[in-house]
>>> print(open('query_2.cif').read())   # mmCIF, C-alpha atoms, pLDDT in the B column; chains and numbers go by the auth columns
data_query
loop_
_atom_site.group_PDB
_atom_site.id
_atom_site.type_symbol
_atom_site.label_atom_id
_atom_site.label_comp_id
_atom_site.label_asym_id
_atom_site.label_seq_id
_atom_site.Cartn_x
_atom_site.Cartn_y
_atom_site.Cartn_z
_atom_site.B_iso_or_equiv
_atom_site.auth_seq_id
_atom_site.auth_asym_id
ATOM 1 C CA MET A 1 -18.191 -0.888 -21.468 74.00 264 A
ATOM 2 C CA PRO A 2 -18.699 -2.188 -17.899 82.00 265 A
ATOM 3 C CA GLY A 3 -20.603 -0.089 -15.401 90.00 266 A
ATOM 4 C CA ILE A 4 -17.642 -0.322 -13.016 96.00 267 A
ATOM 5 C CA GLN A 5 -14.948 0.990 -15.337 97.00 268 A
ATOM 6 C CA VAL A 6 -12.012 1.129 -12.925 98.00 269 A
ATOM 7 C CA VAL A 7 -10.828 -0.956 -9.984 99.00 270 A
ATOM 8 C CA LEU A 8 -8.318 0.579 -7.593 99.00 271 A
ATOM 9 C CA PHE A 9 -6.474 -1.670 -5.162 99.00 272 A
ATOM 10 C CA ASP A 10 -4.709 -1.233 -1.880 99.00 273 A
ATOM 11 C CA LEU A 11 -1.300 -2.968 -1.855 98.00 274 A
ATOM 12 C CA GLY A 12 -0.215 -4.403 1.498 96.00 275 A
ATOM 13 C CA GLY A 13 -2.678 -7.021 2.724 95.00 276 A
ATOM 14 C CA THR A 14 -4.741 -6.768 -0.469 98.00 277 A
ATOM 15 C CA LEU A 15 -2.386 -7.795 -3.292 98.00 278 A
ATOM 16 C CA LEU A 16 0.823 -8.634 -1.416 98.00 279 A
ATOM 17 C CA HIS A 17 1.532 -9.438 2.215 95.00 280 A
ATOM 18 C CA TYR A 18 4.252 -7.344 3.851 93.00 281 A
ATOM 19 C CA GLU A 19 3.216 -7.501 7.487 86.00 282 A
ATOM 20 C CA GLN A 20 2.539 -11.126 8.428 81.00 283 A
ATOM 21 C CA PRO A 21 2.011 -11.378 12.206 78.00 284 A
ATOM 22 C CA PRO A 22 3.118 -12.747 14.519 71.00 285 A
ATOM 23 C CA GLU A 23 6.541 -13.311 12.964 77.00 286 A
ATOM 24 C CA HIS A 24 6.671 -10.447 10.484 77.00 287 A
ATOM 25 C CA THR A 25 5.154 -7.472 12.274 86.00 288 A
ATOM 26 C CA PHE A 26 5.804 -4.002 10.911 84.00 289 A
ATOM 27 C CA ASP A 27 8.246 -3.228 13.731 87.00 290 A
ATOM 28 C CA ALA A 28 10.121 -6.506 13.238 90.00 291 A
ATOM 29 C CA ILE A 29 10.387 -6.033 9.464 92.00 292 A
ATOM 30 C CA ASN A 30 11.596 -2.475 9.808 92.00 293 A
ATOM 31 C CA ALA A 31 14.093 -3.319 12.556 93.00 294 A
ATOM 32 C CA ARG A 32 15.673 -6.082 10.497 94.00 295 A
ATOM 33 C CA ALA A 33 15.859 -3.844 7.440 96.00 296 A
ATOM 34 C CA LEU A 34 17.429 -1.048 9.497 96.00 297 A
ATOM 35 C CA HIS A 35 20.098 -3.390 10.844 97.00 298 A
ATOM 36 C CA THR A 36 20.919 -4.257 7.228 97.00 299 A
ATOM 37 C CA PHE A 37 21.055 -0.550 6.358 97.00 300 A
ATOM 38 C CA LEU A 38 23.424 0.121 9.268 98.00 301 A
ATOM 39 C CA THR A 39 25.664 -2.808 8.315 97.00 302 A
ATOM 40 C CA VAL A 40 26.187 -1.308 4.860 98.00 303 A
ATOM 41 C CA ALA A 41 26.781 2.128 6.382 98.00 304 A
ATOM 42 C CA ALA A 42 29.334 0.735 8.851 97.00 305 A
ATOM 43 C CA GLN A 43 31.125 -1.126 6.072 97.00 306 A
ATOM 44 C CA GLY A 44 31.399 2.221 4.297 97.00 307 A
ATOM 45 C CA GLY A 45 33.094 3.813 7.289 97.00 308 A
ATOM 46 C CA VAL A 46 30.172 5.214 9.264 97.00 309 A
ATOM 47 C CA ARG A 47 30.630 4.926 13.015 96.00 310 A
ATOM 48 C CA VAL A 48 27.647 3.080 14.521 96.00 311 A
ATOM 49 C CA PRO A 49 28.447 2.594 18.231 94.00 312 A
ATOM 50 C CA ASP A 50 25.191 0.840 19.112 96.00 313 A
ATOM 51 C CA PRO A 51 23.086 -0.461 16.185 95.00 314 A
ATOM 52 C CA THR A 52 20.227 -1.475 18.484 95.00 315 A
ATOM 53 C CA LEU A 53 20.044 2.038 19.937 96.00 316 A
ATOM 54 C CA ALA A 54 20.024 3.471 16.416 96.00 317 A
ATOM 55 C CA VAL A 55 17.228 1.148 15.320 96.00 318 A
ATOM 56 C CA ARG A 56 15.162 2.150 18.347 95.00 319 A
ATOM 57 C CA ALA A 57 15.714 5.831 17.567 95.00 320 A
ATOM 58 C CA VAL A 58 14.441 5.380 14.032 95.00 321 A
ATOM 59 C CA GLY A 59 11.499 3.372 15.363 92.00 322 A
ATOM 60 C CA ARG A 60 10.575 6.204 17.733 93.00 323 A
ATOM 61 C CA MET A 61 10.821 8.690 14.883 92.00 324 A
ATOM 62 C CA ALA A 62 8.601 6.486 12.703 88.00 325 A
ATOM 63 C CA ALA A 63 5.994 6.247 15.475 88.00 326 A
ATOM 64 C CA ALA A 64 6.005 10.015 16.010 89.00 327 A
ATOM 65 C CA ILE A 65 5.661 10.766 12.309 84.00 328 A
ATOM 66 C CA GLU A 66 2.930 8.148 11.921 82.00 329 A
ATOM 67 C CA ALA A 67 0.947 9.679 14.782 84.00 330 A
ATOM 68 C CA LYS A 68 1.202 13.099 13.161 82.00 331 A
ATOM 69 C CA SER A 69 0.266 11.669 9.764 77.00 332 A
ATOM 70 C CA ARG A 70 -2.933 10.186 11.158 75.00 333 A
ATOM 71 C CA ARG A 71 -4.014 13.699 12.111 80.00 334 A
ATOM 72 C CA THR A 72 -2.803 15.567 9.033 78.00 335 A
ATOM 73 C CA HIS A 73 -2.899 12.867 6.287 80.00 336 A
ATOM 74 C CA TYR A 74 0.522 14.170 5.242 80.00 337 A
ATOM 75 C CA ALA A 75 2.791 11.319 4.129 83.00 338 A
ATOM 76 C CA SER A 76 6.490 10.843 4.775 86.00 339 A
ATOM 77 C CA SER A 77 9.137 8.512 3.334 90.00 340 A
ATOM 78 C CA ALA A 78 11.449 5.877 4.760 92.00 341 A
ATOM 79 C CA GLU A 79 14.510 7.919 3.857 93.00 342 A
ATOM 80 C CA THR A 80 13.229 10.979 5.719 93.00 343 A
ATOM 81 C CA ILE A 81 12.369 8.920 8.794 93.00 344 A
ATOM 82 C CA ILE A 82 15.730 7.127 8.796 95.00 345 A
ATOM 83 C CA ARG A 83 17.664 10.381 8.350 95.00 346 A
ATOM 84 C CA GLU A 84 15.850 12.096 11.198 95.00 347 A
ATOM 85 C CA GLY A 85 15.998 9.061 13.476 95.00 348 A
ATOM 86 C CA LEU A 86 19.735 8.584 12.983 96.00 349 A
ATOM 87 C CA ALA A 87 20.361 12.306 13.443 95.00 350 A
ATOM 88 C CA ALA A 88 18.756 12.003 16.879 94.00 351 A
ATOM 89 C CA VAL A 89 21.587 9.651 17.923 95.00 352 A
ATOM 90 C CA GLN A 90 24.313 11.579 16.072 96.00 353 A
ATOM 91 C CA ILE A 91 24.808 9.117 13.220 97.00 354 A
ATOM 92 C CA ALA A 92 25.532 10.825 9.906 94.00 355 A
ATOM 93 C CA VAL A 93 25.504 8.734 6.730 97.00 356 A
ATOM 94 C CA PRO A 94 27.328 10.378 3.797 97.00 357 A
ATOM 95 C CA GLU A 95 25.344 10.814 0.610 96.00 358 A
ATOM 96 C CA ARG A 96 27.538 8.344 -1.290 97.00 359 A
ATOM 97 C CA LEU A 97 26.298 5.541 0.991 98.00 360 A
ATOM 98 C CA TRP A 98 22.582 6.311 0.927 97.00 361 A
ATOM 99 C CA GLY A 99 21.982 4.520 -2.367 96.00 362 A
ATOM 100 C CA PRO A 100 23.567 1.181 -1.414 98.00 363 A
ATOM 101 C CA ALA A 101 22.277 1.342 2.170 98.00 364 A
ATOM 102 C CA MET A 102 18.693 1.989 1.052 97.00 365 A
ATOM 103 C CA ALA A 103 18.985 -0.784 -1.550 97.00 366 A
ATOM 104 C CA ALA A 104 19.981 -3.195 1.232 98.00 367 A
ATOM 105 C CA TYR A 105 17.113 -1.915 3.390 97.00 368 A
ATOM 106 C CA ASP A 106 14.619 -2.494 0.559 97.00 369 A
ATOM 107 C CA ALA A 107 15.984 -5.974 -0.154 97.00 370 A
ATOM 108 C CA ALA A 108 15.571 -7.013 3.479 96.00 371 A
ATOM 109 C CA ILE A 109 11.893 -6.060 3.313 96.00 372 A
ATOM 110 C CA SER A 110 11.208 -7.566 -0.104 96.00 373 A
ATOM 111 C CA GLU A 111 12.528 -11.001 0.791 94.00 374 A
ATOM 112 C CA ILE A 112 9.582 -11.699 3.111 93.00 375 A
ATOM 113 C CA VAL A 113 6.855 -10.487 0.719 95.00 376 A
ATOM 114 C CA GLN A 114 4.256 -13.017 -0.434 94.00 377 A
ATOM 115 C CA PRO A 115 1.163 -12.720 -2.654 96.00 378 A
ATOM 116 C CA VAL A 116 -2.207 -12.886 -0.931 96.00 379 A
ATOM 117 C CA ALA A 117 -4.557 -15.846 -1.246 91.00 380 A
ATOM 118 C CA GLY A 118 -6.848 -15.965 -4.250 88.00 381 A
ATOM 119 C CA ASN A 119 -4.304 -15.816 -7.124 94.00 382 A
ATOM 120 C CA PRO A 120 -4.044 -12.030 -7.554 98.00 383 A
ATOM 121 C CA GLN A 121 -2.345 -12.314 -10.954 98.00 384 A
ATOM 122 C CA ALA A 122 -5.253 -14.314 -12.385 98.00 385 A
ATOM 123 C CA VAL A 123 -7.744 -11.890 -10.839 98.00 386 A
ATOM 124 C CA LEU A 124 -6.055 -8.845 -12.374 99.00 387 A
ATOM 125 C CA ALA A 125 -5.897 -10.607 -15.731 99.00 388 A
ATOM 126 C CA ARG A 126 -9.615 -11.431 -15.550 98.00 389 A
ATOM 127 C CA LEU A 127 -10.565 -7.867 -14.614 98.00 390 A
ATOM 128 C CA THR A 128 -8.532 -6.587 -17.555 98.00 391 A
ATOM 129 C CA GLU A 129 -10.340 -9.026 -19.852 98.00 392 A
ATOM 130 C CA GLN A 130 -13.612 -7.603 -18.553 97.00 393 A
ATOM 131 C CA GLY A 131 -12.537 -4.225 -19.930 97.00 394 A
ATOM 132 C CA ARG A 132 -11.750 -2.518 -16.651 98.00 395 A
ATOM 133 C CA GLY A 133 -8.900 -0.116 -15.992 98.00 396 A
ATOM 134 C CA LEU A 134 -6.795 -0.987 -12.958 99.00 397 A
ATOM 135 C CA GLY A 135 -4.724 1.009 -10.537 99.00 398 A
ATOM 136 C CA LEU A 136 -3.245 1.021 -7.065 99.00 399 A
ATOM 137 C CA VAL A 137 -3.359 3.476 -4.154 99.00 400 A
ATOM 138 C CA SER A 138 -1.116 2.571 -1.227 98.00 401 A
ATOM 139 C CA ASN A 139 -0.241 4.105 2.122 95.00 402 A
ATOM 140 C CA THR A 140 3.475 3.433 2.426 94.00 403 A
ATOM 141 C CA PHE A 141 6.709 5.125 3.376 90.00 404 A
ATOM 142 C CA TRP A 142 8.726 2.393 1.688 92.00 405 A
ATOM 143 C CA THR A 143 10.068 3.272 -1.746 94.00 406 A
ATOM 144 C CA PRO A 144 7.934 3.100 -4.907 96.00 407 A
ATOM 145 C CA ALA A 145 10.841 1.363 -6.661 95.00 408 A
ATOM 146 C CA MET A 146 10.797 -1.437 -4.087 96.00 409 A
ATOM 147 C CA HIS A 147 7.040 -1.892 -4.363 98.00 410 A
ATOM 148 C CA ASP A 148 7.170 -1.850 -8.165 98.00 411 A
ATOM 149 C CA ALA A 149 9.858 -4.543 -8.080 98.00 412 A
ATOM 150 C CA ASP A 150 7.740 -6.648 -5.711 98.00 413 A
ATOM 151 C CA LEU A 151 4.709 -6.304 -7.984 99.00 414 A
ATOM 152 C CA ALA A 152 6.791 -7.241 -11.019 98.00 415 A
ATOM 153 C CA ARG A 153 8.229 -10.296 -9.273 98.00 416 A
ATOM 154 C CA PHE A 154 4.747 -11.710 -8.757 98.00 417 A
ATOM 155 C CA GLY A 155 3.469 -10.786 -12.226 98.00 418 A
ATOM 156 C CA LEU A 156 1.186 -7.958 -11.106 99.00 419 A
ATOM 157 C CA LEU A 157 2.939 -4.801 -12.278 99.00 420 A
ATOM 158 C CA GLU A 158 1.895 -5.051 -15.930 98.00 421 A
ATOM 159 C CA TYR A 159 -1.785 -4.912 -14.953 99.00 422 A
ATOM 160 C CA LEU A 160 -1.421 -1.764 -12.832 99.00 423 A
ATOM 161 C CA PRO A 161 -0.404 1.143 -15.079 98.00 424 A
ATOM 162 C CA VAL A 162 -1.475 3.701 -12.481 99.00 425 A
ATOM 163 C CA ARG A 163 0.187 3.408 -9.082 99.00 426 A
ATOM 164 C CA VAL A 164 -0.110 6.107 -6.446 98.00 427 A
ATOM 165 C CA TYR A 165 2.123 5.667 -3.399 97.00 428 A
ATOM 166 C CA SER A 166 1.544 8.004 -0.479 95.00 429 A
ATOM 167 C CA CYS A 167 5.251 8.681 0.026 92.00 430 A
ATOM 168 C CA ALA A 168 5.335 10.179 -3.490 92.00 431 A
ATOM 169 C CA ALA A 169 1.815 11.633 -3.543 92.00 432 A
ATOM 170 C CA ARG A 170 2.425 13.294 -0.142 89.00 433 A
ATOM 171 C CA PHE A 171 -1.059 12.396 1.080 91.00 434 A
ATOM 172 C CA LEU A 172 -2.356 9.376 2.976 93.00 435 A
ATOM 173 C CA LYS A 173 -5.595 7.469 2.630 96.00 436 A
ATOM 174 C CA PRO A 174 -8.330 8.267 3.600 95.00 437 A
ATOM 175 C CA ASP A 175 -7.579 11.777 2.286 95.00 438 A
ATOM 176 C CA ALA A 176 -9.689 12.356 -0.838 96.00 439 A
ATOM 177 C CA ARG A 177 -6.747 13.829 -2.748 96.00 440 A
ATOM 178 C CA ILE A 178 -4.813 10.579 -3.016 97.00 441 A
ATOM 179 C CA PHE A 179 -7.811 8.740 -4.489 98.00 442 A
ATOM 180 C CA ARG A 180 -8.515 11.593 -6.883 98.00 443 A
ATOM 181 C CA GLN A 181 -4.947 11.465 -8.182 97.00 444 A
ATOM 182 C CA ALA A 182 -5.519 7.902 -9.344 98.00 445 A
ATOM 183 C CA LEU A 183 -9.009 8.577 -10.708 98.00 446 A
ATOM 184 C CA ASP A 184 -7.796 11.599 -12.659 98.00 447 A
ATOM 185 C CA ARG A 185 -4.976 9.593 -14.222 98.00 448 A
ATOM 186 C CA LEU A 186 -7.489 6.929 -15.262 98.00 449 A
ATOM 187 C CA ASP A 187 -9.961 9.615 -16.414 97.00 450 A
ATOM 188 C CA VAL A 188 -12.989 8.300 -14.540 97.00 451 A
ATOM 189 C CA ALA A 189 -15.501 9.726 -12.102 97.00 452 A
ATOM 190 C CA PRO A 190 -15.731 8.251 -8.584 97.00 453 A
ATOM 191 C CA ALA A 191 -19.115 6.668 -9.356 95.00 454 A
ATOM 192 C CA GLU A 192 -17.475 4.641 -12.133 96.00 455 A
ATOM 193 C CA ALA A 193 -14.838 3.148 -9.839 98.00 456 A
ATOM 194 C CA VAL A 194 -14.501 0.750 -6.935 98.00 457 A
ATOM 195 C CA PHE A 195 -11.769 0.494 -4.315 99.00 458 A
ATOM 196 C CA VAL A 196 -10.621 -2.852 -2.929 99.00 459 A
ATOM 197 C CA GLY A 197 -8.722 -3.010 0.345 98.00 460 A
ATOM 198 C CA ASP A 198 -8.414 -4.694 3.725 97.00 461 A
ATOM 199 C CA LYS A 199 -8.937 -1.798 6.173 97.00 462 A
ATOM 200 C CA LEU A 200 -12.285 -0.210 6.926 97.00 463 A
ATOM 201 C CA ASP A 201 -10.996 3.180 8.055 95.00 464 A
ATOM 202 C CA VAL A 202 -8.828 3.972 5.032 96.00 465 A
ATOM 203 C CA ASP A 203 -9.862 1.564 2.253 98.00 466 A
ATOM 204 C CA VAL A 204 -13.625 1.778 2.711 98.00 467 A
ATOM 205 C CA ALA A 205 -14.482 5.056 4.455 97.00 468 A
ATOM 206 C CA GLY A 206 -12.083 7.094 2.308 97.00 469 A
ATOM 207 C CA PRO A 207 -13.317 5.991 -1.131 98.00 470 A
ATOM 208 C CA GLN A 208 -16.969 6.062 -0.093 98.00 471 A
ATOM 209 C CA LYS A 209 -16.687 9.697 1.005 97.00 472 A
ATOM 210 C CA ILE A 210 -15.886 10.757 -2.557 97.00 473 A
ATOM 211 C CA GLY A 211 -18.567 8.609 -4.172 97.00 474 A
ATOM 212 C CA MET A 212 -16.715 5.386 -4.947 97.00 475 A
ATOM 213 C CA ARG A 213 -17.901 1.924 -4.031 97.00 476 A
ATOM 214 C CA ALA A 214 -15.642 -0.021 -1.688 98.00 477 A
ATOM 215 C CA VAL A 215 -15.025 -3.746 -1.265 99.00 478 A
ATOM 216 C CA LEU A 216 -13.426 -5.084 1.909 98.00 479 A
ATOM 217 C CA VAL A 217 -11.271 -8.175 1.442 98.00 480 A
ATOM 218 C CA ALA A 218 -10.819 -10.257 4.585 95.00 481 A
ATOM 219 C CA SER A 219 -7.456 -10.211 6.336 92.00 482 A
ATOM 220 C CA PRO A 220 -6.039 -13.507 7.642 90.00 483 A
ATOM 221 C CA PHE A 221 -4.365 -11.589 10.465 88.00 484 A
ATOM 222 C CA ARG A 222 -7.158 -9.508 12.015 86.00 485 A
ATOM 223 C CA ALA A 223 -10.903 -8.886 12.020 86.00 486 A
ATOM 224 C CA GLU A 224 -12.290 -5.631 10.627 88.00 487 A
ATOM 225 C CA GLU A 225 -15.563 -4.546 12.205 90.00 488 A
ATOM 226 C CA SER A 226 -17.202 -1.166 12.698 91.00 489 A
ATOM 227 C CA ASP A 227 -20.658 0.105 13.570 87.00 490 A
ATOM 228 C CA GLU A 228 -19.976 3.266 11.562 93.00 491 A
ATOM 229 C CA ILE A 229 -18.335 1.999 8.350 96.00 492 A
ATOM 230 C CA THR A 230 -20.105 -0.430 6.043 96.00 493 A
ATOM 231 C CA PRO A 231 -18.416 -1.674 2.859 98.00 494 A
ATOM 232 C CA ASP A 232 -20.510 -2.099 -0.269 97.00 495 A
ATOM 233 C CA ALA A 233 -19.391 -5.733 -0.248 98.00 496 A
ATOM 234 C CA ARG A 234 -17.128 -8.106 1.650 98.00 497 A
ATOM 235 C CA ILE A 235 -15.114 -10.899 0.049 98.00 498 A
ATOM 236 C CA GLU A 236 -12.952 -13.572 1.616 96.00 499 A
ATOM 237 C CA THR A 237 -10.347 -13.642 -1.186 97.00 500 A
ATOM 238 C CA LEU A 238 -9.687 -11.682 -4.358 98.00 501 A
ATOM 239 C CA ASP A 239 -10.879 -14.461 -6.642 97.00 502 A
ATOM 240 C CA GLU A 240 -14.461 -13.544 -5.668 98.00 503 A
ATOM 241 C CA LEU A 241 -14.044 -10.048 -7.123 98.00 504 A
ATOM 242 C CA PRO A 242 -14.610 -10.544 -10.892 98.00 505 A
ATOM 243 C CA ALA A 243 -17.995 -12.223 -10.381 98.00 506 A
ATOM 244 C CA LEU A 244 -19.040 -9.576 -7.848 98.00 507 A
ATOM 245 C CA LEU A 245 -18.276 -6.776 -10.293 98.00 508 A
ATOM 246 C CA GLU A 246 -20.147 -8.543 -13.083 97.00 509 A
ATOM 247 C CA ARG A 247 -23.225 -8.660 -10.841 96.00 510 A
ATOM 248 C CA TRP A 248 -22.863 -4.953 -10.141 96.00 511 A
ATOM 249 C CA ASP A 249 -22.482 -4.249 -13.864 93.00 512 A
ATOM 250 C CA GLN A 250 -25.768 -6.023 -14.535 90.00 513 A
ATOM 251 C CA ALA A 251 -27.518 -4.031 -11.822 87.00 514 A
ATOM 252 C CA LEU A 252 -26.204 -0.791 -13.331 81.00 515 A
ATOM 253 C CA GLU A 253 -27.364 -1.587 -16.871 64.00 516 A
ATOM 254 C CA PRO A 254 -30.214 0.697 -17.973 50.00 517 A
ATOM 255 C CA ARG A 255 -33.515 -1.092 -18.210 42.00 518 A
ATOM 256 C CA PRO A 256 -35.384 -0.958 -21.538 46.00 519 A
ATOM 257 C CA ALA A 257 -38.290 1.451 -21.730 44.00 520 A
ATOM 258 C CA GLN A 258 -41.701 -0.071 -21.063 42.00 521 A
#
>>> encode(input="query_2.cif", output="structure tokens")
Amino acid sequence: MPGIQVVLFDLGGTLLHYEQPPEHTFDAINARALHTFLTVAAQGGVRVPDPTLAVRAVGRMAAAIEAKSRRTHYASSAETIIREGLAAVQIAVPERLWGPAMAAYDAAISEIVQPVAGNPQAVLARLTEQGRGLGLVSNTFWTPAMHDADLARFGLLEYLPVRVYSCAARFLKPDARIFRQALDRLDVAPAEAVFVGDKLDVDVAGPQKIGMRAVLVASPFRAEESDEITPDARIETLDELPALLERWDQALEPRPAQ
């Protein structure tokens, strides 16, 4: 059995790219998806006098909820944010339209998703061959069903039996509770696990505080530097990960008695 028994991954920017600046920023992705949502709602009879105004209202609501979440680590969902944002501009979507409108919203996001560099499918397969359990812990208000479909489309879902999405878990990284949910489901202690992500503040500091190791994978869109947070290792792409963990396994092996 390997010394590092479990590898937990971040999703966006670590396995799949959602935000891809400068073209696909978070705000741009969400705005386009919201316009698609509103088109479906309008086709169903909902009065949408000014779609741009409605999109801005939802964007303001998202920003306000995100700011609160950073303080409380309490997670929200896209549906909650959209409902509250539209209510602020007196747009009411009947329940019968929420399913198709949210499906259109999800589809508009999914169509821009791409896998990260480093062949993540091959990496997950190799880690599984090494005898490691795998899982995912993601900060997201987008739907778990959408993310699962994205992972399946790129051949990753089958390797990740444990997936903890903040919108369902109700907590955000770096809160210890969201990491512990995944560790408990995989039945391992923090010292037996490593977290792999692309953000120092949530993907490195959070896991390290509960006794996990943390690997920072480089982002092609920004630099991650901090005088206060030091990852246990840095890698440029995921394909460096299996060899890194094998080296750690060897270092953790008990030495024979003299």
>>> closest_residue(input="query_2.cif", among="A:Asp495, A:Leu414, A:Ala486, A:Asp447", to="A:Ala468", atoms="all atoms listed in the file")
A:Asp495
>>> resolve_selection(input="query_2.cif", expression="the PyMOL selection byres ((chain A and resi 483) around 10)", output="PyMOL selection string")
chain A and resi 276+283-284+379-380+461+480-482+484-486+499-500
>>> residues_around(input="query_2.cif", residues="A:Phe272", least_positions_apart="3", cutoff="10 Å", atoms="all atoms listed in the file", output="PyMOL selection string")
chain A and resi 269+275+277-278+397-401+423+426+457-461+466+477-478
>>> write_last_selection(input="query_2.cif", atoms="C-alpha atoms", output="PDB file, in the coordinates of the input")
ATOM      1  CA  VAL A 269     -12.012   1.129 -12.925  1.00 98.00           C
ATOM      2  CA  GLY A 275      -0.215  -4.403   1.498  1.00 96.00           C
ATOM      3  CA  THR A 277      -4.741  -6.768  -0.469  1.00 98.00           C
ATOM      4  CA  LEU A 278      -2.386  -7.795  -3.292  1.00 98.00           C
ATOM      5  CA  LEU A 397      -6.795  -0.987 -12.958  1.00 99.00           C
ATOM      6  CA  GLY A 398      -4.724   1.009 -10.537  1.00 99.00           C
ATOM      7  CA  LEU A 399      -3.245   1.021  -7.065  1.00 99.00           C
ATOM      8  CA  VAL A 400      -3.359   3.476  -4.154  1.00 99.00           C
ATOM      9  CA  SER A 401      -1.116   2.571  -1.227  1.00 98.00           C
ATOM     10  CA  LEU A 423      -1.421  -1.764 -12.832  1.00 99.00           C
ATOM     11  CA  ARG A 426       0.187   3.408  -9.082  1.00 99.00           C
ATOM     12  CA  VAL A 457     -14.501   0.750  -6.935  1.00 98.00           C
ATOM     13  CA  PHE A 458     -11.769   0.494  -4.315  1.00 99.00           C
ATOM     14  CA  VAL A 459     -10.621  -2.852  -2.929  1.00 99.00           C
ATOM     15  CA  GLY A 460      -8.722  -3.010   0.345  1.00 98.00           C
ATOM     16  CA  ASP A 461      -8.414  -4.694   3.725  1.00 97.00           C
ATOM     17  CA  ASP A 466      -9.862   1.564   2.253  1.00 98.00           C
ATOM     18  CA  ALA A 477     -15.642  -0.021  -1.688  1.00 98.00           C
ATOM     19  CA  VAL A 478     -15.025  -3.746  -1.265  1.00 99.00           C
TER      20      VAL A 478
END
>>> closest_residue(input="query_2.cif", among="A:Asp464, A:Glu488, A:Asp413, A:Glu347", to="A:Asp369", atoms="all atoms listed in the file")
A:Asp413
>>> atom_distance(input="query_2.cif", atom1="atom CA of A:Leu449", atom2="atom CA of A:Gly396")
7.2 Å
>>> atom_distance(input="query_2.cif", atom1="atom CA of A:Gly308", atom2="atom CA of A:Ile344")
21.4 Å
>>> closest_residue(input="query_2.cif", among="A:Ser489, A:Ala320, A:Asn293, A:Gln268", to="A:Gln353", atoms="all atoms listed in the file")
A:Ala320
>>> resolve_selection(input="query_2.cif", expression="the PyMOL selection byres ((chain A and resi 436) around 9)", output="ChimeraX atom specification")
/A:336,400-402,429,434-435,437-442,464-466,469-470
>>> resolve_selection(input="query_2.cif", expression="the PyMOL selection byres ((chain A and resi 515) around 12)", output="PyMOL selection string")
chain A and resi 264-268+454-455+508-514+516-518
>>> atom_distance(input="query_2.cif", atom1="atom CA of A:Val451", atom2="atom CA of A:Arg395")
11.1 Å
>>> residues_around(input="query_2.cif", residues="stretch 407-410 of chain A", least_positions_apart="4", cutoff="8 Å", atoms="all atoms listed in the file", output="list in words")
Asp369, Ala370, Ser373, Leu414, Tyr428, Cys430 and Ala431 of chain A
>>> write_last_selection(input="query_2.cif", atoms="C-alpha atoms", output="PDB file, in the frame of the given file")
ATOM      1  CA  ASP A 369      14.619  -2.494   0.559  1.00 97.00           C
ATOM      2  CA  ALA A 370      15.984  -5.974  -0.154  1.00 97.00           C
ATOM      3  CA  SER A 373      11.208  -7.566  -0.104  1.00 96.00           C
ATOM      4  CA  LEU A 414       4.709  -6.304  -7.984  1.00 99.00           C
ATOM      5  CA  TYR A 428       2.123   5.667  -3.399  1.00 97.00           C
ATOM      6  CA  CYS A 430       5.251   8.681   0.026  1.00 92.00           C
ATOM      7  CA  ALA A 431       5.335  10.179  -3.490  1.00 92.00           C
TER       8      ALA A 431
END
>>> residues_around(input="query_2.cif", residues="A:Val311", least_positions_apart="3", cutoff="8 Å", atoms="only C-alpha atoms", output="number ranges by chain")
A: 301, 305, 314, 317, 354
>>> build_atoms(input="query_2.cif", residues="stretch 435-445 of chain A", atoms="N, CA and C atoms", output="PDB file, in the coordinates of the input")
ATOM      1  N   LEU A 435      -2.010  10.720   2.526  1.00 93.00           N
ATOM      2  CA  LEU A 435      -2.356   9.376   2.976  1.00 93.00           C
ATOM      3  C   LEU A 435      -3.844   9.117   2.809  1.00 93.00           C
ATOM      4  N   LYS A 436      -4.200   7.877   2.455  1.00 96.00           N
ATOM      5  CA  LYS A 436      -5.595   7.469   2.630  1.00 96.00           C
ATOM      6  C   LYS A 436      -5.964   7.631   4.107  1.00 96.00           C
ATOM      7  N   PRO A 437      -7.144   8.109   4.445  1.00 95.00           N
ATOM      8  CA  PRO A 437      -8.330   8.267   3.600  1.00 95.00           C
ATOM      9  C   PRO A 437      -8.503   9.642   2.972  1.00 95.00           C
ATOM     10  N   ASP A 438      -7.459  10.458   2.903  1.00 95.00           N
ATOM     11  CA  ASP A 438      -7.579  11.777   2.286  1.00 95.00           C
ATOM     12  C   ASP A 438      -8.087  11.650   0.848  1.00 95.00           C
ATOM     13  N   ALA A 439      -9.081  12.445   0.497  1.00 96.00           N
ATOM     14  CA  ALA A 439      -9.689  12.356  -0.838  1.00 96.00           C
ATOM     15  C   ALA A 439      -8.685  12.614  -1.949  1.00 96.00           C
ATOM     16  N   ARG A 440      -7.666  13.428  -1.680  1.00 96.00           N
ATOM     17  CA  ARG A 440      -6.747  13.829  -2.748  1.00 96.00           C
ATOM     18  C   ARG A 440      -5.947  12.664  -3.316  1.00 96.00           C
ATOM     19  N   ILE A 441      -5.613  11.690  -2.492  1.00 97.00           N
ATOM     20  CA  ILE A 441      -4.813  10.579  -3.016  1.00 97.00           C
ATOM     21  C   ILE A 441      -5.659   9.687  -3.929  1.00 97.00           C
ATOM     22  N   PHE A 442      -6.928   9.511  -3.603  1.00 98.00           N
ATOM     23  CA  PHE A 442      -7.811   8.740  -4.489  1.00 98.00           C
ATOM     24  C   PHE A 442      -8.054   9.497  -5.792  1.00 98.00           C
ATOM     25  N   ARG A 443      -8.236  10.802  -5.684  1.00 98.00           N
ATOM     26  CA  ARG A 443      -8.515  11.593  -6.883  1.00 98.00           C
ATOM     27  C   ARG A 443      -7.321  11.613  -7.838  1.00 98.00           C
ATOM     28  N   GLN A 444      -6.113  11.537  -7.295  1.00 97.00           N
ATOM     29  CA  GLN A 444      -4.947  11.465  -8.182  1.00 97.00           C
ATOM     30  C   GLN A 444      -5.048  10.256  -9.103  1.00 97.00           C
ATOM     31  N   ALA A 445      -5.404   9.120  -8.535  1.00 98.00           N
ATOM     32  CA  ALA A 445      -5.519   7.902  -9.344  1.00 98.00           C
ATOM     33  C   ALA A 445      -6.696   7.988 -10.308  1.00 98.00           C
TER      34      ALA A 445
END
